[in-house]
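Down below is the structure, laid out as structure tokens.
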Amino acid sequence: MAVNLLSAALAILLLALVCNQADCYNSLDPHGNITVTFDIHKWTSDGYMARVTIQNYYQYRHVEKPGWALGWSWAKGEIIWSMIGAFATQQGNCSAFKNQMIPHSCKKNPTIADLMEDAKAEKRSDNCCHGGLLSAWAIDSSKSFSSFEIVVGNLEGNSSGHMPRNLTLMAPGPGYTCGAFGDTDPTIYLDNDGRREMQVFRTWKATCTYSSFIANKAPVCCVSLSTFYNPTITPCPAAAVHVDLLPTMVQARA
């Protein structure tokens with residue numbers, strides 16, 4: 001019994017020493033996430049206009065420099081005619097539109113980045129342009145979200161839109177895993193000095209959650225509980241600190 005208690009205490013102590021606030025599980029924020037919302041608020045002749053919002057619901061995890069980068073794959077042959085409040089990092093091959101206005105991006109899997117705070121007025125939208133930075137919800141909720149406007153086209157005339165697929169979030173660097181977009185109740189907002197309720201046509205939402213195990217290919221520590229002192233039985237990543245509790249247990253028994 002004493003040996004088991006000693007082993008558990010050593011494991012907890014080791015984790016406390018090597019883990020920092022950014023990498024370890026935070027019991028005060030077990031349900032934190034970053035939510036991405038597509039609000040379709042206007043139909044066009046070949047697609048729609050949407051407001052995309054990135055909301056940081058983590059209590060203490062900021063999105064730091066160089067800021068967020070959002071990516072997805074279009075379900076059909078969509079293109080981005082124009083954007084304000086953000087930009088696609090690559091235009092892609094738009095040669096099929098040589099006799100029309102050139103789209104902002106023709107990439108099948110565009111990556112979107114935020115504009116800087118000094119962006120020109122004609123390129124800005126409401127709640128945009130923070131250089132990709134998002135404050136943690138509990139630290140400053142007024143700076144915990146960012147939005148941009150996007151005009152999507154190249155769809156059949158009667159289309160009500162198709163949810164983007166394979167959502168990815170770099171905020172910054174790896175570590176975030178995003179779920180699939182899903183239909184949800186349309187977003188309601190206030191107009192006419194708050195006296196009139198309006199709602200968008202469609203709302204799609206997805207959530208992204210952070211994992212230090214994904215962010216760090218080689219964890220900062222690895223505690224082996226194998227029966228034999230042999231790393232090949234329960235191997236640790238090469239850059240991790242390997243700790244086997246068996247020698248300690250044997251010494252305690254002695």
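Ligands are numbered from 1 in the order shown, residues from 1 within each chain, and chains are lettered A, B, ... in the order they appear in the structure tokens.
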Give me the residues within 9 Å of region 125-142 of chain A as a ChimeraX atom specification, counting only C-alpha atoms and dropping any in the same chain fewer than 3 places off. /A:53-69,84-86,113-119,121-122,145-149,171
Applying 8 Å and only C-alpha atoms, which residues near region 172-189 of chain A remain after dropping the ones on its own chain fewer than 4 positions away? List them as a ChimeraX atom specification. /A:39,63-69,163-168,197-216
Taking a cut-off of 10 Å and counting only C-alpha atoms, can you build a table that, for each residue of region 155-180 of chain A near region 40-47 of chain A, reports the nearest atom pair and how far apart they are in Å (one decimal), sorted by chain then residue number, as CSV?
```
residue,atom,partner,partner_atom,distance
A:Leu155,CA,A:Asp46,CA,5.1
A:Glu156,CA,A:Asp46,CA,5.9
A:Gly157,CA,A:Asp46,CA,5.1
A:Asn158,CA,A:Asp46,CA,8.0
A:Ser159,CA,A:Gly47,CA,6.9
A:Ser160,CA,A:Gly47,CA,7.6
A:Gly161,CA,A:Gly47,CA,6.8
A:His162,CA,A:Gly47,CA,9.8
```
Assign secondary structure with DSSP using the backbone only, and return the residues of region 99-237 of chain A in helix (DSSP H, G or I) as a ChimeraX atom specification. /A:121-123,141-143,212-215
Quick one: everything within 8 Å of Asn109 (chain A), counting only C-alpha atoms, minus sequence neighbours fewer than 3 positions away in the same chain. Send it as JSON, numbers by chain. {"A": [71, 72, 73, 74]}
I need the residues in region 4-217 of chain A that are strand (DSSP E or B) according to DSSP; give them as an MDAnalysis selection string. chainID A and resid 34:44 47:56 63 69:73 79:84 86:88 105 111:114 134 145:153 165:170 176:178 182:184 188:191 196:199 202:210
